[in-house]
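*Asks:* My structure is stored as protein.pdb, with PDB, C-alpha atoms, pLDDT in the B column.
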```pdb
MODEL        1
ATOM      1  CA  MET M 233     133.753  96.944 130.865  1.00 45.00           C
ATOM      2  CA  ALA M 234     132.541  95.181 134.001  1.00 48.00           C
ATOM      3  CA  PRO M 235     129.351  93.115 133.787  1.00 51.00           C
ATOM      4  CA  MET M 236     126.098  94.817 134.770  1.00 85.00           C
ATOM      5  CA  ALA M 237     127.370  98.195 133.666  1.00 97.00           C
ATOM      6  CA  THR M 238     124.778 100.982 133.590  1.00 98.00           C
ATOM      7  CA  HIS M 239     124.242 102.872 130.341  1.00 98.00           C
ATOM      8  CA  VAL M 240     122.214 106.055 129.848  1.00 98.00           C
ATOM      9  CA  ILE M 241     120.996 106.174 126.242  1.00 98.00           C
ATOM     10  CA  THR M 242     119.204 108.877 124.256  1.00 98.00           C
ATOM     11  CA  GLY M 243     117.475 107.955 121.003  1.00 96.00           C
ATOM     12  CA  ALA M 244     116.759 104.350 122.025  1.00 96.00           C
ATOM     13  CA  GLY M 245     113.380 104.416 120.273  1.00 92.00           C
ATOM     14  CA  SER M 246     114.663 103.853 116.740  1.00 89.00           C
ATOM     15  CA  GLY M 247     117.624 103.414 114.414  1.00 91.00           C
ATOM     16  CA  ILE M 248     121.117 103.287 115.906  1.00 94.00           C
ATOM     17  CA  GLY M 249     119.888 103.955 119.453  1.00 95.00           C
ATOM     18  CA  ALA M 250     117.461 101.038 119.364  1.00 95.00           C
ATOM     19  CA  ALA M 251     120.168  98.724 117.989  1.00 96.00           C
ATOM     20  CA  VAL M 252     122.585  99.715 120.773  1.00 97.00           C
ATOM     21  CA  ALA M 253     119.915  99.369 123.463  1.00 98.00           C
ATOM     22  CA  ARG M 254     118.943  95.884 122.221  1.00 96.00           C
ATOM     23  CA  ARG M 255     122.548  94.697 122.271  1.00 97.00           C
ATOM     24  CA  LEU M 256     123.275  96.021 125.766  1.00 98.00           C
ATOM     25  CA  HIS M 257     119.936  94.738 127.089  1.00 98.00           C
ATOM     26  CA  ALA M 258     120.581  91.285 125.634  1.00 97.00           C
ATOM     27  CA  ARG M 259     123.889  90.978 127.449  1.00 96.00           C
ATOM     28  CA  GLY M 260     122.316  91.864 130.777  1.00 97.00           C
ATOM     29  CA  ASP M 261     123.555  95.408 131.310  1.00 97.00           C
ATOM     30  CA  GLU M 262     121.438  97.995 133.119  1.00 98.00           C
ATOM     31  CA  LEU M 263     119.714 100.548 130.882  1.00 98.00           C
ATOM     32  CA  VAL M 264     118.470 104.042 131.673  1.00 98.00           C
ATOM     33  CA  LEU M 265     116.575 105.139 128.563  1.00 98.00           C
ATOM     34  CA  HIS M 266     115.892 108.797 127.938  1.00 98.00           C
ATOM     35  CA  ALA M 267     112.383 109.650 126.740  1.00 97.00           C
ATOM     36  CA  ARG M 268     110.907 113.001 125.758  1.00 96.00           C
ATOM     37  CA  ASP M 269     107.674 112.435 127.717  1.00 96.00           C
ATOM     38  CA  ALA M 270     105.939 109.981 130.047  1.00 96.00           C
ATOM     39  CA  GLY M 271     104.093 108.238 127.200  1.00 96.00           C
ATOM     40  CA  ARG M 272     107.311 107.520 125.339  1.00 95.00           C
ATOM     41  CA  ALA M 273     108.933 106.363 128.592  1.00 97.00           C
ATOM     42  CA  LYS M 274     106.156 103.801 129.048  1.00 97.00           C
ATOM     43  CA  GLU M 275     106.682 102.499 125.491  1.00 96.00           C
ATOM     44  CA  LEU M 276     110.445 102.144 126.000  1.00 96.00           C
ATOM     45  CA  ALA M 277     109.974 100.388 129.342  1.00 96.00           C
ATOM     46  CA  GLY M 278     107.683  97.933 127.556  1.00 96.00           C
ATOM     47  CA  GLU M 279     110.248  97.273 124.822  1.00 95.00           C
ATOM     48  CA  PHE M 280     113.119  96.788 127.278  1.00 97.00           C
ATOM     49  CA  PRO M 281     111.902  94.943 130.393  1.00 96.00           C
ATOM     50  CA  GLY M 282     113.803  95.988 133.499  1.00 97.00           C
ATOM     51  CA  ALA M 283     115.084  99.220 131.976  1.00 97.00           C
ATOM     52  CA  ARG M 284     114.620 102.490 133.834  1.00 97.00           C
ATOM     53  CA  THR M 285     113.650 105.727 132.100  1.00 98.00           C
ATOM     54  CA  LEU M 286     114.666 109.357 132.359  1.00 98.00           C
ATOM     55  CA  VAL M 287     112.173 111.893 131.031  1.00 98.00           C
ATOM     56  CA  GLY M 288     112.991 115.316 129.594  1.00 98.00           C
ATOM     57  CA  ASP M 289     112.496 117.121 126.290  1.00 98.00           C
ATOM     58  CA  LEU M 290     115.823 117.529 124.458  1.00 98.00           C
ATOM     59  CA  ALA M 291     114.211 120.216 122.313  1.00 98.00           C
ATOM     60  CA  ASP M 292     113.908 122.363 125.463  1.00 98.00           C
ATOM     61  CA  PRO M 293     117.288 122.018 127.211  1.00 98.00           C
ATOM     62  CA  ASP M 294     116.557 124.994 129.494  1.00 98.00           C
ATOM     63  CA  ARG M 295     113.974 122.820 131.272  1.00 98.00           C
ATOM     64  CA  LEU M 296     115.990 119.614 131.561  1.00 98.00           C
ATOM     65  CA  SER M 297     117.393 120.618 134.944  1.00 98.00           C
ATOM     66  CA  TRP M 298     113.854 121.150 136.278  1.00 98.00           C
ATOM     67  CA  ALA M 299     112.679 117.827 134.787  1.00 97.00           C
ATOM     68  CA  PHE M 300     115.582 115.884 136.297  1.00 97.00           C
ATOM     69  CA  SER M 301     115.060 117.485 139.708  1.00 97.00           C
ATOM     70  CA  HIS M 302     111.683 115.701 139.873  1.00 97.00           C
ATOM     71  CA  GLN M 303     113.148 112.264 139.091  1.00 97.00           C
ATOM     72  CA  THR M 304     115.634 109.871 140.634  1.00 96.00           C
ATOM     73  CA  MET M 305     118.846 110.188 138.666  1.00 97.00           C
ATOM     74  CA  PRO M 306     120.905 107.002 138.215  1.00 97.00           C
ATOM     75  CA  GLU M 307     123.440 106.551 141.022  1.00 97.00           C
ATOM     76  CA  ARG M 308     125.912 104.789 138.734  1.00 98.00           C
ATOM     77  CA  VAL M 309     126.653 105.645 135.102  1.00 98.00           C
ATOM     78  CA  ASP M 310     129.283 103.653 133.199  1.00 98.00           C
ATOM     79  CA  SER M 311     128.441 105.101 129.820  1.00 98.00           C
ATOM     80  CA  LEU M 312     126.399 108.005 128.505  1.00 98.00           C
ATOM     81  CA  LEU M 313     125.419 107.402 124.889  1.00 98.00           C
ATOM     82  CA  HIS M 314     124.153 110.472 123.033  1.00 98.00           C
ATOM     83  CA  ILE M 315     122.377 108.961 120.015  1.00 97.00           C
ATOM     84  CA  ALA M 316     119.212 111.078 119.634  1.00 96.00           C
ATOM     85  CA  GLY M 317     119.261 113.652 116.860  1.00 95.00           C
ATOM     86  CA  VAL M 318     117.062 115.650 114.492  1.00 94.00           C
ATOM     87  CA  VAL M 319     117.660 116.877 110.954  1.00 93.00           C
ATOM     88  CA  ASP M 320     115.900 119.550 108.921  1.00 93.00           C
ATOM     89  CA  LEU M 321     117.429 120.433 105.560  1.00 93.00           C
ATOM     90  CA  GLY M 322     117.218 123.737 103.720  1.00 95.00           C
ATOM     91  CA  PRO M 323     119.319 126.497 102.179  1.00 97.00           C
ATOM     92  CA  ILE M 324     120.749 129.102 104.557  1.00 98.00           C
ATOM     93  CA  GLY M 325     118.656 131.719 102.734  1.00 98.00           C
ATOM     94  CA  ASP M 326     115.462 129.975 103.859  1.00 97.00           C
ATOM     95  CA  LEU M 327     116.275 128.665 107.348  1.00 97.00           C
ATOM     96  CA  THR M 328     114.451 130.468 110.167  1.00 97.00           C
ATOM     97  CA  PRO M 329     115.728 130.847 113.746  1.00 98.00           C
ATOM     98  CA  LYS M 330     113.136 128.231 114.794  1.00 97.00           C
ATOM     99  CA  THR M 331     114.784 125.624 112.540  1.00 97.00           C
ATOM    100  CA  TRP M 332     118.244 126.581 113.777  1.00 98.00           C
ATOM    101  CA  HIS M 333     117.213 126.500 117.441  1.00 98.00           C
ATOM    102  CA  HIS M 334     115.516 123.119 117.166  1.00 97.00           C
ATOM    103  CA  GLN M 335     118.561 121.389 115.689  1.00 98.00           C
ATOM    104  CA  LEU M 336     121.072 123.162 117.941  1.00 98.00           C
ATOM    105  CA  ASN M 337     118.958 122.382 121.024  1.00 98.00           C
ATOM    106  CA  VAL M 338     118.488 118.667 120.338  1.00 98.00           C
ATOM    107  CA  ASN M 339     121.824 117.914 118.689  1.00 98.00           C
ATOM    108  CA  LEU M 340     124.197 120.073 120.748  1.00 98.00           C
ATOM    109  CA  ILE M 341     122.881 121.954 123.788  1.00 98.00           C
ATOM    110  CA  ALA M 342     120.845 119.071 125.243  1.00 98.00           C
ATOM    111  CA  PRO M 343     123.803 116.627 125.039  1.00 98.00           C
ATOM    112  CA  ALA M 344     125.947 119.240 126.826  1.00 98.00           C
ATOM    113  CA  GLU M 345     123.308 119.669 129.528  1.00 98.00           C
ATOM    114  CA  LEU M 346     122.747 115.930 129.992  1.00 98.00           C
ATOM    115  CA  THR M 347     126.509 115.433 130.244  1.00 98.00           C
ATOM    116  CA  ARG M 348     126.743 118.179 132.870  1.00 98.00           C
ATOM    117  CA  HIS M 349     124.146 116.452 135.028  1.00 98.00           C
ATOM    118  CA  LEU M 350     125.778 113.017 134.815  1.00 98.00           C
ATOM    119  CA  LEU M 351     129.467 113.962 134.982  1.00 98.00           C
ATOM    120  CA  PRO M 352     129.740 113.354 138.749  1.00 98.00           C
ATOM    121  CA  GLN M 353     128.610 109.724 138.273  1.00 98.00           C
ATOM    122  CA  LEU M 354     130.840 109.287 135.203  1.00 98.00           C
ATOM    123  CA  ARG M 355     133.870 110.526 137.140  1.00 98.00           C
ATOM    124  CA  VAL M 356     133.245 108.068 139.977  1.00 98.00           C
ATOM    125  CA  SER M 357     132.888 105.099 137.594  1.00 98.00           C
ATOM    126  CA  GLN M 358     135.620 106.382 135.232  1.00 98.00           C
ATOM    127  CA  GLY M 359     132.954 106.017 132.597  1.00 98.00           C
ATOM    128  CA  HIS M 360     132.588 106.746 128.920  1.00 98.00           C
ATOM    129  CA  VAL M 361     130.714 109.423 126.963  1.00 98.00           C
ATOM    130  CA  VAL M 362     129.863 108.573 123.358  1.00 98.00           C
ATOM    131  CA  PHE M 363     128.575 111.228 120.982  1.00 98.00           C
ATOM    132  CA  VAL M 364     126.999 109.799 117.842  1.00 97.00           C
ATOM    133  CA  ASN M 365     127.886 112.575 115.465  1.00 97.00           C
ATOM    134  CA  SER M 366     127.573 112.417 111.656  1.00 94.00           C
ATOM    135  CA  GLY M 367     129.595 112.741 108.505  1.00 92.00           C
ATOM    136  CA  ALA M 368     128.070 116.242 108.565  1.00 93.00           C
ATOM    137  CA  GLY M 369     130.114 116.915 111.696  1.00 95.00           C
ATOM    138  CA  LEU M 370     133.240 116.786 109.516  1.00 95.00           C
ATOM    139  CA  ASN M 371     131.982 118.217 106.212  1.00 94.00           C
ATOM    140  CA  ALA M 372     129.124 120.611 105.463  1.00 95.00           C
ATOM    141  CA  HIS M 373     127.256 120.433 102.164  1.00 94.00           C
ATOM    142  CA  ALA M 374     124.582 122.567 100.504  1.00 95.00           C
ATOM    143  CA  GLU M 375     121.272 122.599 102.408  1.00 94.00           C
ATOM    144  CA  TRP M 376     122.848 120.853 105.429  1.00 94.00           C
ATOM    145  CA  GLY M 377     123.989 124.102 107.094  1.00 97.00           C
ATOM    146  CA  ALA M 378     122.036 124.063 110.363  1.00 97.00           C
ATOM    147  CA  TYR M 379     122.392 120.318 110.923  1.00 96.00           C
ATOM    148  CA  ALA M 380     126.112 120.388 110.072  1.00 97.00           C
ATOM    149  CA  ALA M 381     126.632 123.379 112.367  1.00 98.00           C
ATOM    150  CA  SER M 382     125.039 121.476 115.247  1.00 98.00           C
ATOM    151  CA  LYS M 383     127.220 118.439 114.534  1.00 98.00           C
ATOM    152  CA  HIS M 384     130.420 120.478 114.086  1.00 98.00           C
ATOM    153  CA  GLY M 385     129.555 121.962 117.487  1.00 98.00           C
ATOM    154  CA  LEU M 386     129.076 118.461 118.895  1.00 98.00           C
ATOM    155  CA  LYS M 387     132.602 117.548 117.769  1.00 98.00           C
ATOM    156  CA  ALA M 388     133.946 120.615 119.603  1.00 98.00           C
ATOM    157  CA  LEU M 389     131.962 119.656 122.713  1.00 98.00           C
ATOM    158  CA  ALA M 390     133.406 116.128 122.647  1.00 98.00           C
ATOM    159  CA  ASP M 391     136.969 117.310 122.034  1.00 98.00           C
ATOM    160  CA  SER M 392     136.837 119.845 124.886  1.00 98.00           C
ATOM    161  CA  LEU M 393     135.225 117.333 127.247  1.00 98.00           C
ATOM    162  CA  ARG M 394     137.931 114.770 126.433  1.00 98.00           C
ATOM    163  CA  HIS M 395     140.691 117.224 127.379  1.00 98.00           C
ATOM    164  CA  GLU M 396     138.875 118.353 130.523  1.00 98.00           C
ATOM    165  CA  GLU M 397     138.003 114.893 131.862  1.00 98.00           C
ATOM    166  CA  HIS M 398     141.038 112.830 130.798  1.00 97.00           C
ATOM    167  CA  ALA M 399     142.664 113.216 134.223  1.00 98.00           C
ATOM    168  CA  ASN M 400     139.411 111.978 135.815  1.00 98.00           C
ATOM    169  CA  GLY M 401     139.560 108.768 133.776  1.00 97.00           C
ATOM    170  CA  VAL M 402     136.474 109.621 131.688  1.00 98.00           C
ATOM    171  CA  ARG M 403     136.796 108.461 128.086  1.00 98.00           C
ATOM    172  CA  VAL M 404     135.120 110.393 125.254  1.00 98.00           C
ATOM    173  CA  THR M 405     134.392 109.047 121.784  1.00 98.00           C
ATOM    174  CA  SER M 406     132.823 110.689 118.743  1.00 98.00           C
ATOM    175  CA  VAL M 407     131.311 108.344 116.152  1.00 97.00           C
ATOM    176  CA  TYR M 408     130.719 109.722 112.653  1.00 96.00           C
ATOM    177  CA  PRO M 409     128.347 107.388 110.779  1.00 90.00           C
ATOM    178  CA  GLY M 410     127.656 107.908 107.107  1.00 82.00           C
ATOM    179  CA  ARG M 411     124.088 107.501 105.911  1.00 76.00           C
ATOM    180  CA  THR M 412     122.432 104.821 108.010  1.00 66.00           C
ATOM    181  CA  ALA M 413     119.172 103.010 107.255  1.00 59.00           C
ATOM    182  CA  SER M 414     116.804 104.580 109.800  1.00 64.00           C
ATOM    183  CA  PRO M 415     113.619 106.660 110.074  1.00 66.00           C
ATOM    184  CA  MET M 416     115.814 109.784 110.063  1.00 65.00           C
ATOM    185  CA  GLN M 417     117.359 108.722 106.744  1.00 68.00           C
ATOM    186  CA  ALA M 418     113.904 108.138 105.266  1.00 66.00           C
ATOM    187  CA  LYS M 419     113.011 111.726 106.264  1.00 65.00           C
ATOM    188  CA  VAL M 420     116.232 113.074 104.712  1.00 68.00           C
ATOM    189  CA  HIS M 421     115.459 111.347 101.412  1.00 67.00           C
ATOM    190  CA  GLN M 422     111.934 112.765 101.500  1.00 71.00           C
ATOM    191  CA  GLN M 423     113.359 116.276 102.024  1.00 69.00           C
ATOM    192  CA  GLU M 424     115.836 115.713  99.204  1.00 71.00           C
ATOM    193  CA  GLY M 425     113.079 114.443  96.909  1.00 77.00           C
ATOM    194  CA  LYS M 426     114.902 111.140  96.426  1.00 77.00           C
ATOM    195  CA  GLU M 427     113.671 107.554  96.572  1.00 76.00           C
ATOM    196  CA  TYR M 428     114.733 105.812  99.782  1.00 65.00           C
ATOM    197  CA  ASP M 429     116.360 102.387  99.477  1.00 73.00           C
ATOM    198  CA  PRO M 430     117.576 101.243 102.915  1.00 62.00           C
ATOM    199  CA  SER M 431     119.695  98.460 101.406  1.00 72.00           C
ATOM    200  CA  ARG M 432     122.070 101.110 100.014  1.00 70.00           C
ATOM    201  CA  TRP M 433     123.003 102.436 103.443  1.00 71.00           C
ATOM    202  CA  ILE M 434     124.662 101.262 106.663  1.00 84.00           C
ATOM    203  CA  ASP M 435     122.673  98.870 108.856  1.00 89.00           C
ATOM    204  CA  PRO M 436     122.160 100.410 112.332  1.00 88.00           C
ATOM    205  CA  GLU M 437     123.519  97.136 113.762  1.00 92.00           C
ATOM    206  CA  SER M 438     126.889  97.882 112.156  1.00 92.00           C
ATOM    207  CA  VAL M 439     127.075 101.298 113.836  1.00 95.00           C
ATOM    208  CA  ALA M 440     126.009  99.649 117.107  1.00 96.00           C
ATOM    209  CA  THR M 441     128.951  97.237 116.746  1.00 96.00           C
ATOM    210  CA  ALA M 442     131.311 100.213 116.355  1.00 95.00           C
ATOM    211  CA  ILE M 443     129.867 101.911 119.469  1.00 97.00           C
ATOM    212  CA  LEU M 444     130.138  98.742 121.569  1.00 98.00           C
ATOM    213  CA  THR M 445     133.727  98.275 120.385  1.00 97.00           C
ATOM    214  CA  ALA M 446     134.556 101.737 121.750  1.00 97.00           C
ATOM    215  CA  ILE M 447     132.939 101.249 125.162  1.00 97.00           C
ATOM    216  CA  ASP M 448     134.235  97.675 125.578  1.00 97.00           C
ATOM    217  CA  LEU M 449     137.830  98.626 124.746  1.00 97.00           C
ATOM    218  CA  PRO M 450     140.258  97.799 127.580  1.00 96.00           C
ATOM    219  CA  ARG M 451     141.079 100.691 129.894  1.00 92.00           C
ATOM    220  CA  ASP M 452     144.604 101.171 128.515  1.00 94.00           C
ATOM    221  CA  ALA M 453     143.201 102.692 125.317  1.00 95.00           C
ATOM    222  CA  GLU M 454     140.569 105.134 124.102  1.00 96.00           C
ATOM    223  CA  ILE M 455     138.973 105.537 120.690  1.00 97.00           C
ATOM    224  CA  ASN M 456     138.660 109.287 120.164  1.00 98.00           C
ATOM    225  CA  ASP M 457     137.087 109.484 116.703  1.00 97.00           C
ATOM    226  CA  LEU M 458     135.482 106.695 114.725  1.00 95.00           C
ATOM    227  CA  THR M 459     134.237 107.227 111.160  1.00 93.00           C
ATOM    228  CA  VAL M 460     131.839 104.607 109.798  1.00 90.00           C
ATOM    229  CA  ARG M 461     131.122 104.789 106.061  1.00 86.00           C
ATOM    230  CA  PRO M 462     128.723 102.806 103.846  1.00 84.00           C
ATOM    231  CA  GLY M 463     130.530  99.684 102.618  1.00 76.00           C
ATOM    232  CA  ARG M 464     128.319  99.159  99.578  1.00 69.00           C
TER
ENDMDL
END
```
As structure tokens, how would this structure be written, given the file I've shared?

*Replies:*
Amino acid sequence: MAPMATHVITGAGSGIGAAVARRLHARGDELVLHARDAGRAKELAGEFPGARTLVGDLADPDRLSWAFSHQTMPERVDSLLHIAGVVDLGPIGDLTPKTWHHQLNVNLIAPAELTRHLLPQLRVSQGHVVFVNSGAGLNAHAEWGAYAASKHGLKALADSLRHEEHANGVRVTSVYPGRTASPMQAKVHQQEGKEYDPSRWIDPESVATAILTAIDLPRDAEINDLTVRPGR
């Protein structure tokens, strides 16, 4: 990828997203960091000097178009990195529509909507869309139904987008990390009633390395699907 590439990143506030943002920022690339509100945007701008922000609530994808219409969208986008996500466990017999909607909105519909808005720029730059999926996007287990459904949907979104945009030179990668040491993982353990030991799980830096490998790959190749499992 050419120097001073521009990356739009969701989920840069913690975990894998923060690790990716730090690495790209350190090498001098341009960052456009998504934030759910103006307060969060100010925090991210403070953490990553020189970065721009894009504000919109992923939990309310119907309003993203309105939110973006009141902001200056990036003119160039070399990569769009969908890393934000939410998880809420529970048996199908207990999950309410509210829980379903929240996970489907943040994990699936918002990435589709953000991609729609930035596709013109991605086509011009022959850019790259990376969807950070989950092991749950390949296998669904008890009490993971809504989250796994959103991530299975995200795989379908990525696969369809890859077929549609291949002729335009847009590359599409899905990354399926196993359990990664992050605030989300701490929440999962709390919901499971288990003790959380981050040393047992993947370091976010390792997933960041996998993501950077995909976007830095020479143009003659494309990583479609990348599964990252705990090595310990």

*Asks:* Identify all residues satisfying the PyMOL selection byres ((chain M and resi 442) around 12) in the given file; provide them as a PyMOL selection string.

*Replies:* chain M and resi 248+251-252+255+362+364+405-409+434-441+443-449+455+457-461

*Asks:* Tell me, in Å to one decimal, how far CA of His302 (chain M) is from CA of Ala244 (chain M).

*Replies:*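 Value for the CA of His302 (chain M)-CA of Ala244 (chain M) distance: 21.8 Å.
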
*Asks:* For Ser366 (chain M), which residue among M:Gly410, M:Pro329, M:Gly401, M:Pro462 is the nearest when counting all atoms listed in the file?

*Replies:*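 The answer is M:Gly410, which sits nearest to Ser366 (chain M).
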
*Asks:* May I have a table of the residues of region 297-321 of chain M lying at most 7 Å from region 347-354 of chain M, giving each one's closest pair of atoms and their distance in Å to one decimal, counting only C-alpha atoms, ordered by chain and ascending residue number, as CSV?

*Replies:*
```
residue,atom,partner,partner_atom,distance
M:Glu307,CA,M:Gln353,CA,6.7
M:Arg308,CA,M:Gln353,CA,5.6
M:Val309,CA,M:Gln353,CA,5.5
M:Asp310,CA,M:Leu354,CA,6.2
```

*Asks:* May I ask which of the residues M:Asn365, M:Ser301, M:Ser382, M:Ser246 is the closest one to Gln335 (chain M), counting only C-alpha atoms?

*Replies:* M:Ser382

*Asks:* Could you check how far CA of Asn371 (chain M) sits from CA of Glu454 (chain M), in Å to one decimal?

*Replies:*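 Distance reported for this atom pair: 23.8 Å.
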
*Asks:* Please compute the CA of Asp269 (chain M)-CA of Ala381 (chain M) distance, one decimal, in Å.

*Replies:*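 Atom-to-atom, CA of Asp269 (chain M) to CA of Ala381 (chain M), that is 26.7 Å.
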
*Asks:* Residues picked by the PyMOL selection byres ((chain M and resi 390) around 12) here, as a PDB file with C-alpha atoms, keeping the file's coordinate frame?

*Replies:*
```pdb
ATOM      1  CA  HIS M 314     124.153 110.472 123.033  1.00 98.00           C
ATOM      2  CA  LEU M 340     124.197 120.073 120.748  1.00 98.00           C
ATOM      3  CA  PRO M 343     123.803 116.627 125.039  1.00 98.00           C
ATOM      4  CA  ALA M 344     125.947 119.240 126.826  1.00 98.00           C
ATOM      5  CA  THR M 347     126.509 115.433 130.244  1.00 98.00           C
ATOM      6  CA  HIS M 360     132.588 106.746 128.920  1.00 98.00           C
ATOM      7  CA  VAL M 361     130.714 109.423 126.963  1.00 98.00           C
ATOM      8  CA  VAL M 362     129.863 108.573 123.358  1.00 98.00           C
ATOM      9  CA  PHE M 363     128.575 111.228 120.982  1.00 98.00           C
ATOM     10  CA  VAL M 364     126.999 109.799 117.842  1.00 97.00           C
ATOM     11  CA  ASN M 365     127.886 112.575 115.465  1.00 97.00           C
ATOM     12  CA  GLY M 369     130.114 116.915 111.696  1.00 95.00           C
ATOM     13  CA  LYS M 383     127.220 118.439 114.534  1.00 98.00           C
ATOM     14  CA  HIS M 384     130.420 120.478 114.086  1.00 98.00           C
ATOM     15  CA  GLY M 385     129.555 121.962 117.487  1.00 98.00           C
ATOM     16  CA  LEU M 386     129.076 118.461 118.895  1.00 98.00           C
ATOM     17  CA  LYS M 387     132.602 117.548 117.769  1.00 98.00           C
ATOM     18  CA  ALA M 388     133.946 120.615 119.603  1.00 98.00           C
ATOM     19  CA  LEU M 389     131.962 119.656 122.713  1.00 98.00           C
ATOM     20  CA  ASP M 391     136.969 117.310 122.034  1.00 98.00           C
ATOM     21  CA  SER M 392     136.837 119.845 124.886  1.00 98.00           C
ATOM     22  CA  LEU M 393     135.225 117.333 127.247  1.00 98.00           C
ATOM     23  CA  ARG M 394     137.931 114.770 126.433  1.00 98.00           C
ATOM     24  CA  HIS M 395     140.691 117.224 127.379  1.00 98.00           C
ATOM     25  CA  GLU M 396     138.875 118.353 130.523  1.00 98.00           C
ATOM     26  CA  GLU M 397     138.003 114.893 131.862  1.00 98.00           C
ATOM     27  CA  HIS M 398     141.038 112.830 130.798  1.00 97.00           C
ATOM     28  CA  VAL M 402     136.474 109.621 131.688  1.00 98.00           C
ATOM     29  CA  ARG M 403     136.796 108.461 128.086  1.00 98.00           C
ATOM     30  CA  VAL M 404     135.120 110.393 125.254  1.00 98.00           C
ATOM     31  CA  THR M 405     134.392 109.047 121.784  1.00 98.00           C
ATOM     32  CA  SER M 406     132.823 110.689 118.743  1.00 98.00           C
ATOM     33  CA  VAL M 407     131.311 108.344 116.152  1.00 97.00           C
ATOM     34  CA  ASN M 456     138.660 109.287 120.164  1.00 98.00           C
ATOM     35  CA  ASP M 457     137.087 109.484 116.703  1.00 97.00           C
TER      36      ASP M 457
END
```

*Asks:* Kindly indicate which residue among M:Thr242, M:Glu424, M:Leu296, M:Leu313 lies nearest to Gly359 (chain M), using only C-alpha atoms for the distances.

*Replies:*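 Checking each of M:Thr242, M:Glu424, M:Leu296, M:Leu313 against Gly359 (chain M), counting only C-alpha atoms, the winner is M:Leu313.
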